[in-house]
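Asks: This is the content of coords-v4.pdb (PDB, C-alpha atoms):
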```pdb
ATOM      1  CA  MET A   1      -8.211  21.561   7.876
ATOM      2  CA  ILE A   2      -9.450  20.464   4.422
ATOM      3  CA  TYR A   3      -6.777  22.613   2.788
ATOM      4  CA  LEU A   4      -4.042  20.853   4.723
ATOM      5  CA  GLN A   5      -5.535  17.468   3.796
ATOM      6  CA  LEU A   6      -5.692  18.449   0.116
ATOM      7  CA  PHE A   7      -2.120  19.724   0.148
ATOM      8  CA  ALA A   8      -0.804  16.621   1.928
ATOM      9  CA  ALA A   9      -2.679  14.175  -0.328
ATOM     10  CA  PHE A  10      -1.477  15.836  -3.522
ATOM     11  CA  PHE A  11       2.035  16.434  -2.161
ATOM     12  CA  HIS A  12       2.256  12.664  -1.613
ATOM     13  CA  THR A  13       0.962  12.076  -5.130
ATOM     14  CA  GLY A  14       3.417  14.548  -6.642
ATOM     15  CA  LEU A  15       6.278  13.067  -4.659
ATOM     16  CA  PHE A  16       5.807   9.492  -5.820
ATOM     17  CA  ALA A  17       3.968   9.672  -9.169
ATOM     18  CA  VAL A  18       7.043   9.607 -11.389
ATOM     19  CA  GLY A  19       6.222   9.500 -15.088
ATOM     20  CA  GLY A  20       3.551  12.099 -15.725
ATOM     21  CA  GLY A  21      -0.201  12.451 -15.419
ATOM     22  CA  LEU A  22      -1.238   8.845 -15.923
ATOM     23  CA  ALA A  23       1.214   7.789 -13.230
ATOM     24  CA  THR A  24      -0.943   9.738 -10.744
ATOM     25  CA  MET A  25      -3.914   7.445 -11.391
ATOM     26  CA  PRO A  26      -3.090   4.728  -8.820
ATOM     27  CA  PHE A  27      -2.671   7.466  -6.216
ATOM     28  CA  LEU A  28      -6.014   9.003  -7.179
ATOM     29  CA  TYR A  29      -7.765   5.627  -6.862
ATOM     30  CA  HIS A  30      -6.199   5.260  -3.430
ATOM     31  CA  MET A  31      -7.284   8.813  -2.570
ATOM     32  CA  ALA A  32     -10.852   8.028  -3.662
ATOM     33  CA  ASP A  33     -10.906   4.947  -1.438
ATOM     34  CA  ASN A  34      -9.404   6.656   1.610
ATOM     35  CA  THR A  35     -11.004  10.097   1.556
ATOM     36  CA  GLY A  36     -14.363   9.621  -0.171
ATOM     37  CA  TRP A  37     -13.799  12.928  -1.955
ATOM     38  CA  PHE A  38     -14.875  11.388  -5.261
ATOM     39  CA  THR A  39     -16.084   8.097  -6.719
ATOM     40  CA  TYR A  40     -14.453   6.040  -9.459
ATOM     41  CA  GLU A  41     -17.142   7.249 -11.864
ATOM     42  CA  GLN A  42     -16.336  10.867 -10.999
ATOM     43  CA  LEU A  43     -12.663  10.026 -11.452
ATOM     44  CA  ALA A  44     -13.391   8.726 -14.960
ATOM     45  CA  ASN A  45     -15.131  12.013 -15.750
ATOM     46  CA  MET A  46     -12.178  13.941 -14.315
ATOM     47  CA  ILE A  47      -9.832  11.983 -16.551
ATOM     48  CA  ALA A  48     -11.916  12.841 -19.612
ATOM     49  CA  VAL A  49     -11.996  16.533 -18.702
ATOM     50  CA  SER A  50      -8.301  16.623 -17.771
ATOM     51  CA  GLU A  51      -7.256  14.911 -20.987
ATOM     52  CA  SER A  52      -9.453  17.242 -23.040
ATOM     53  CA  THR A  53      -8.215  20.503 -21.532
ATOM     54  CA  PRO A  54      -4.843  22.186 -22.032
ATOM     55  CA  GLY A  55      -2.129  21.537 -19.494
ATOM     56  CA  PRO A  56      -0.576  18.552 -17.780
ATOM     57  CA  MET A  57      -3.089  15.884 -16.809
ATOM     58  CA  GLY A  58      -1.845  15.548 -13.219
ATOM     59  CA  VAL A  59      -2.130  19.292 -12.615
ATOM     60  CA  ASN A  60      -5.576  19.381 -14.211
ATOM     61  CA  MET A  61      -6.705  16.479 -11.993
ATOM     62  CA  ALA A  62      -5.379  18.138  -8.833
ATOM     63  CA  THR A  63      -7.063  21.404  -9.750
ATOM     64  CA  TYR A  64     -10.345  19.636 -10.541
ATOM     65  CA  VAL A  65     -10.393  17.664  -7.285
ATOM     66  CA  GLY A  66      -9.373  20.689  -5.220
ATOM     67  CA  TYR A  67     -12.089  22.797  -6.817
ATOM     68  CA  THR A  68     -14.705  20.080  -6.290
ATOM     69  CA  ILE A  69     -13.781  19.700  -2.616
ATOM     70  CA  ALA A  70     -13.083  23.297  -1.550
ATOM     71  CA  GLY A  71     -13.709  25.717  -4.407
ATOM     72  CA  ILE A  72     -11.043  27.972  -5.886
ATOM     73  CA  PRO A  73      -8.825  28.002  -2.765
ATOM     74  CA  GLY A  74      -8.948  24.200  -2.754
ATOM     75  CA  ALA A  75      -7.958  24.109  -6.425
ATOM     76  CA  VAL A  76      -4.946  26.306  -5.721
ATOM     77  CA  VAL A  77      -3.897  24.316  -2.638
ATOM     78  CA  ALA A  78      -4.237  20.919  -4.348
ATOM     79  CA  THR A  79      -2.313  22.119  -7.405
ATOM     80  CA  LEU A  80       0.449  23.568  -5.235
ATOM     81  CA  GLY A  81       0.585  20.300  -3.312
ATOM     82  CA  LEU A  82       1.073  18.333  -6.516
ATOM     83  CA  VAL A  83       3.788  20.536  -8.043
ATOM     84  CA  THR A  84       5.757  21.356  -4.871
ATOM     85  CA  PRO A  85       7.765  18.081  -4.805
ATOM     86  CA  SER A  86       8.787  18.600  -8.441
ATOM     87  CA  ILE A  87       9.860  22.162  -7.741
ATOM     88  CA  ILE A  88      11.927  21.027  -4.756
ATOM     89  CA  VAL A  89      13.594  18.253  -6.766
ATOM     90  CA  ILE A  90      14.314  20.605  -9.678
ATOM     91  CA  LEU A  91      15.888  23.169  -7.349
ATOM     92  CA  ILE A  92      18.056  20.496  -5.701
ATOM     93  CA  VAL A  93      19.094  19.012  -9.040
ATOM     94  CA  ALA A  94      19.871  22.463 -10.453
ATOM     95  CA  LYS A  95      22.087  23.228  -7.442
ATOM     96  CA  PHE A  96      24.053  20.005  -7.775
ATOM     97  CA  LEU A  97      23.744  19.475 -11.544
ATOM     98  CA  SER A  98      27.438  19.068 -12.153
ATOM     99  CA  LYS A  99      27.678  16.337  -9.493
ATOM    100  CA  PHE A 100      24.560  14.531 -10.707
ATOM    101  CA  ARG A 101      25.486  14.693 -14.380
ATOM    102  CA  HIS A 102      28.154  11.986 -14.168
ATOM    103  CA  ASN A 103      27.039  10.072 -11.086
ATOM    104  CA  LYS A 104      26.598   6.350 -11.784
ATOM    105  CA  THR A 105      24.282   5.879  -8.793
ATOM    106  CA  VAL A 106      21.919   8.590 -10.013
ATOM    107  CA  ASP A 107      21.989   7.100 -13.511
ATOM    108  CA  ALA A 108      21.149   3.702 -12.030
ATOM    109  CA  VAL A 109      18.262   5.161  -9.971
ATOM    110  CA  PHE A 110      16.749   6.806 -13.051
ATOM    111  CA  TYR A 111      17.288   3.615 -15.040
ATOM    112  CA  GLY A 112      15.340   1.739 -12.343
ATOM    113  CA  LEU A 113      12.550   4.326 -12.336
ATOM    114  CA  ARG A 114      11.791   3.767 -16.027
ATOM    115  CA  PRO A 115      10.070   0.372 -15.654
ATOM    116  CA  ALA A 116       8.265   1.547 -12.509
ATOM    117  CA  SER A 117       6.914   4.551 -14.417
ATOM    118  CA  CYS A 118       5.879   2.329 -17.318
ATOM    119  CA  GLY A 119       4.120  -0.020 -14.904
ATOM    120  CA  LEU A 120       2.217   2.822 -13.225
ATOM    121  CA  ILE A 121       1.175   4.230 -16.593
ATOM    122  CA  ALA A 122       0.117   0.792 -17.890
ATOM    123  CA  ALA A 123      -1.909   0.128 -14.728
ATOM    124  CA  ALA A 124      -3.573   3.513 -15.075
ATOM    125  CA  GLY A 125      -4.363   2.860 -18.735
ATOM    126  CA  LEU A 126      -5.939  -0.501 -17.914
ATOM    127  CA  SER A 127      -7.945   1.064 -15.083
ATOM    128  CA  VAL A 128      -9.246   3.811 -17.355
ATOM    129  CA  ALA A 129     -10.120   1.271 -20.056
ATOM    130  CA  ALA A 130     -11.986  -0.863 -17.511
ATOM    131  CA  LEU A 131     -13.893   2.172 -16.212
ATOM    132  CA  ALA A 132     -14.824   3.306 -19.704
ATOM    133  CA  LEU A 133     -15.581  -0.018 -21.354
ATOM    134  CA  LEU A 134     -16.924  -2.223 -18.565
ATOM    135  CA  ASP A 135     -19.816  -1.899 -16.147
ATOM    136  CA  LEU A 136     -18.595  -3.951 -13.208
ATOM    137  CA  ASP A 137     -21.849  -3.388 -11.282
ATOM    138  CA  ALA A 138     -23.976  -4.917 -14.039
ATOM    139  CA  PRO A 139     -24.903  -8.593 -14.276
ATOM    140  CA  PRO A 140     -22.501 -10.652 -16.414
ATOM    141  CA  ALA A 141     -24.663 -10.230 -19.513
ATOM    142  CA  GLY A 142     -24.326  -6.421 -19.275
ATOM    143  CA  LEU A 143     -20.642  -6.341 -18.359
ATOM    144  CA  PHE A 144     -19.470  -4.790 -21.607
ATOM    145  CA  GLN A 145     -20.544  -1.279 -22.577
ATOM    146  CA  TRP A 146     -20.725  -2.047 -26.276
ATOM    147  CA  HIS A 147     -21.535   1.487 -27.399
ATOM    148  CA  TYR A 148     -18.313   2.771 -25.798
ATOM    149  CA  ILE A 149     -16.306  -0.154 -27.158
ATOM    150  CA  ALA A 150     -17.675   0.650 -30.639
ATOM    151  CA  LEU A 151     -16.722   4.316 -30.212
ATOM    152  CA  ALA A 152     -13.172   3.366 -29.134
ATOM    153  CA  ALA A 153     -12.872   0.984 -32.107
ATOM    154  CA  ALA A 154     -14.150   3.648 -34.510
ATOM    155  CA  VAL A 155     -11.638   6.207 -33.244
ATOM    156  CA  LEU A 156      -8.839   3.639 -33.489
ATOM    157  CA  VAL A 157      -9.760   2.717 -37.066
ATOM    158  CA  LEU A 158     -10.246   6.337 -38.162
ATOM    159  CA  SER A 159      -7.015   7.543 -36.586
ATOM    160  CA  ARG A 160      -4.847   4.642 -37.780
ATOM    161  CA  TRP A 161      -6.147   3.091 -40.981
ATOM    162  CA  VAL A 162      -8.550   5.428 -42.833
ATOM    163  CA  LYS A 163      -6.366   7.577 -45.052
ATOM    164  CA  PRO A 164      -8.410  10.842 -45.131
ATOM    165  CA  THR A 165      -8.751  10.934 -41.333
ATOM    166  CA  LYS A 166      -5.336   9.497 -40.510
ATOM    167  CA  LYS A 167      -3.630  12.899 -40.599
ATOM    168  CA  LEU A 168      -6.256  14.805 -38.620
ATOM    169  CA  HIS A 169      -5.140  16.490 -35.437
ATOM    170  CA  PRO A 170      -5.951  14.465 -32.269
ATOM    171  CA  ILE A 171      -8.189  17.302 -31.001
ATOM    172  CA  VAL A 172     -10.640  16.435 -33.794
ATOM    173  CA  PHE A 173     -11.016  12.917 -32.379
ATOM    174  CA  ILE A 174     -11.269  14.241 -28.816
ATOM    175  CA  LEU A 175     -14.001  16.716 -29.759
ATOM    176  CA  GLY A 176     -15.816  14.126 -31.884
ATOM    177  CA  SER A 177     -15.693  11.572 -29.070
ATOM    178  CA  ALA A 178     -16.918  14.181 -26.586
ATOM    179  CA  ALA A 179     -19.861  14.976 -28.870
ATOM    180  CA  VAL A 180     -20.746  11.302 -29.292
ATOM    181  CA  GLY A 181     -20.374  10.791 -25.511
ATOM    182  CA  ALA A 182     -22.766  13.685 -24.929
ATOM    183  CA  LEU A 183     -25.235  12.095 -27.330
ATOM    184  CA  PHE A 184     -24.887   8.775 -25.514
ATOM    185  CA  GLY A 185     -25.540  10.567 -22.226
ATOM    186  CA  ALA A 186     -28.578  12.379 -23.625
ATOM    187  CA  ALA A 187     -29.900   9.065 -24.913
ATOM    188  CA  GLY A 188     -29.401   7.491 -21.491
ATOM    189  CA  LEU A 189     -26.799   4.953 -22.639
TER     190      LEU A 189
END
```
With the file now loaded, output its structure as structure tokens.
Replies:
Amino acid sequence: MIYLQLFAAFFHTGLFAVGGGLATMPFLYHMADNTGWFTYEQLANMIAVSESTPGPMGVNMATYVGYTIAGIPGAVVATLGLVTPSIIVILIVAKFLSKFRHNKTVDAVFYGLRPASCGLIAAAGLSVAALALLDLDAPPAGLFQWHYIALAAAVLVLSRWVKPTKKLHPIVFILGSAAVGALFGAAGL
């Protein structure tokens, strides 16, 4: 039964999360609320792992959740659930490509999807920033997680305005941030 639930939940996510991995975030928050499979804190950790590992973020998230819930078979089922809608759409589009290529209605639909995708991605970005930089359970005086805000500011400055580090590959900043995050965790921050 859990496999069917995983497939259905991620099929729904894959069907409606147009715009890539970050567009899946609102669906994952909804999934966390409705299923109890993971908490928002666990979701923040999944985002960090998914962004740090090779592959599309949405697929990595589905695999991670599936594995957490039901081991390797769960990882496979959740991943298949997420990618199946895309495969179906691609097969349909490939079959009727010549008709879709010059169809004004299809162009209009995709034109309308652009702002929706941007909105989903922006909402996901704000949610991730709030999870990483704020402690909503703390009293007002402890709302901001200053050590994480300082780390984000340092990465921004180093990657944008410090000439020797400006041209470094993004993986350097990801690995450096992961190391600092591990140190923060070891220090109990």
Asks: Please write out, as AutoDock Vina command-line options, where the centre of an axis-aligned box around all listed atoms of region 54-70 of chain A lies and how long its edges are, in Å to one decimal, after adding 6 Å on each side.
Replies:
```
--center_x -7.6 --center_y 19.4 --center_z -11.8 --size_x 26.1 --size_y 19.7 --size_z 32.5
```
Asks: Report, in Å with one decimal, the straight-line distance from CA of Gly36 (chain A) to CA of Pro73 (chain A).
Replies: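 Here the two named atoms are 19.4 Å from each other.
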Asks: For the file shown, report as a list of chain:residue names the outcome of the PyMOL selection byres ((chain A and resi 122-137) around 7) at residue level.
Replies: A:Leu22, A:Ala23, A:Met25, A:Pro26, A:Ala44, A:Cys118, A:Gly119, A:Leu120, A:Ile121, A:Ala138, A:Pro139, A:Leu143, A:Phe144, A:Gln145, A:Tyr148, A:Ile149
Asks: Starting from the displayed file, determine the output of the PyMOL selection byres ((chain A and resi 17) around 12) and express the residue list as an NGL selection string.
Replies: :A and (9-16 or 18-28 or 58-59 or 82-83 or 85-86 or 113-114 or 116-121 or 124)
Asks: Provide the CA of Met46 (chain A) to CA of Tyr64 (chain A) distance in Å, to one decimal place.
Replies: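 Atom-to-atom, CA of Met46 (chain A) and CA of Tyr64 (chain A) are spaced 7.1 Å apart.
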Asks: Just want the 12 Å neighbourhood of Ala152 (chain A), counted on all atoms listed in the file, with same-chain residues fewer than 3 positions away dropped. Output as a PDB file with C-alpha atoms, in the coordinates of the input.
Replies:
```pdb
ATOM      1  CA  ALA A 129     -10.120   1.271 -20.056  1.00  0.00           C
ATOM      2  CA  ALA A 132     -14.824   3.306 -19.704  1.00  0.00           C
ATOM      3  CA  LEU A 133     -15.581  -0.018 -21.354  1.00  0.00           C
ATOM      4  CA  GLN A 145     -20.544  -1.279 -22.577  1.00  0.00           C
ATOM      5  CA  TRP A 146     -20.725  -2.047 -26.276  1.00  0.00           C
ATOM      6  CA  HIS A 147     -21.535   1.487 -27.399  1.00  0.00           C
ATOM      7  CA  TYR A 148     -18.313   2.771 -25.798  1.00  0.00           C
ATOM      8  CA  ILE A 149     -16.306  -0.154 -27.158  1.00  0.00           C
ATOM      9  CA  VAL A 155     -11.638   6.207 -33.244  1.00  0.00           C
ATOM     10  CA  LEU A 156      -8.839   3.639 -33.489  1.00  0.00           C
ATOM     11  CA  VAL A 157      -9.760   2.717 -37.066  1.00  0.00           C
ATOM     12  CA  LEU A 158     -10.246   6.337 -38.162  1.00  0.00           C
ATOM     13  CA  SER A 159      -7.015   7.543 -36.586  1.00  0.00           C
ATOM     14  CA  PHE A 173     -11.016  12.917 -32.379  1.00  0.00           C
ATOM     15  CA  ILE A 174     -11.269  14.241 -28.816  1.00  0.00           C
ATOM     16  CA  GLY A 176     -15.816  14.126 -31.884  1.00  0.00           C
ATOM     17  CA  SER A 177     -15.693  11.572 -29.070  1.00  0.00           C
ATOM     18  CA  ALA A 178     -16.918  14.181 -26.586  1.00  0.00           C
ATOM     19  CA  VAL A 180     -20.746  11.302 -29.292  1.00  0.00           C
ATOM     20  CA  GLY A 181     -20.374  10.791 -25.511  1.00  0.00           C
TER      21      GLY A 181
END
```
Asks: For Ile69 (chain A), which of A:Phe38, A:Tyr29, A:Met1, A:His102 is the closest residue, counting all atoms listed in the file?
Replies: A:Phe38
Asks: Interatomic distance between CA of Thr39 (chain A) and CA of Ala153 (chain A)?
Replies: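 Computed distance, CA of Thr39 (chain A) to CA of Ala153 (chain A), equals 26.6 Å.
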Asks: Of the candidates A:Gly81, A:Gln42, A:Ala70, A:Pro56, which one gets nearest to Ala8 (chain A) if we count only C-alpha atoms?
Replies: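 Among the listed residues, the smallest separation from Ala8 (chain A) belongs to A:Gly81.
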Asks: Compile a residue-level contact table for region 50-149 of chain A against region 167-172 of chain A at a cut-off of 12 Å, reporting for every qualifying residue the shortest atom pair and its distance in Å to one decimal, with all atoms listed in the file counted, rows ordered by chain and ascending number, as a tab-separated table.
Replies:
```
residue	atom	partner	partner_atom	distance
A:Glu51	CA	A:Ile171	CA	10.3
A:Ser52	CA	A:Ile171	CA	8.1
A:Thr53	CA	A:Ile171	CA	10.0
A:Pro54	CA	A:Ile171	CA	10.7
```
Asks: As a check of understanding, name the residues that the PyMOL selection byres ((chain A and resi 78) around 6) selects in the supplied structure, as JSON, numbers by chain.
Replies: {"A": [6, 7, 10, 62, 66, 74, 75, 76, 77, 79, 80, 81]}
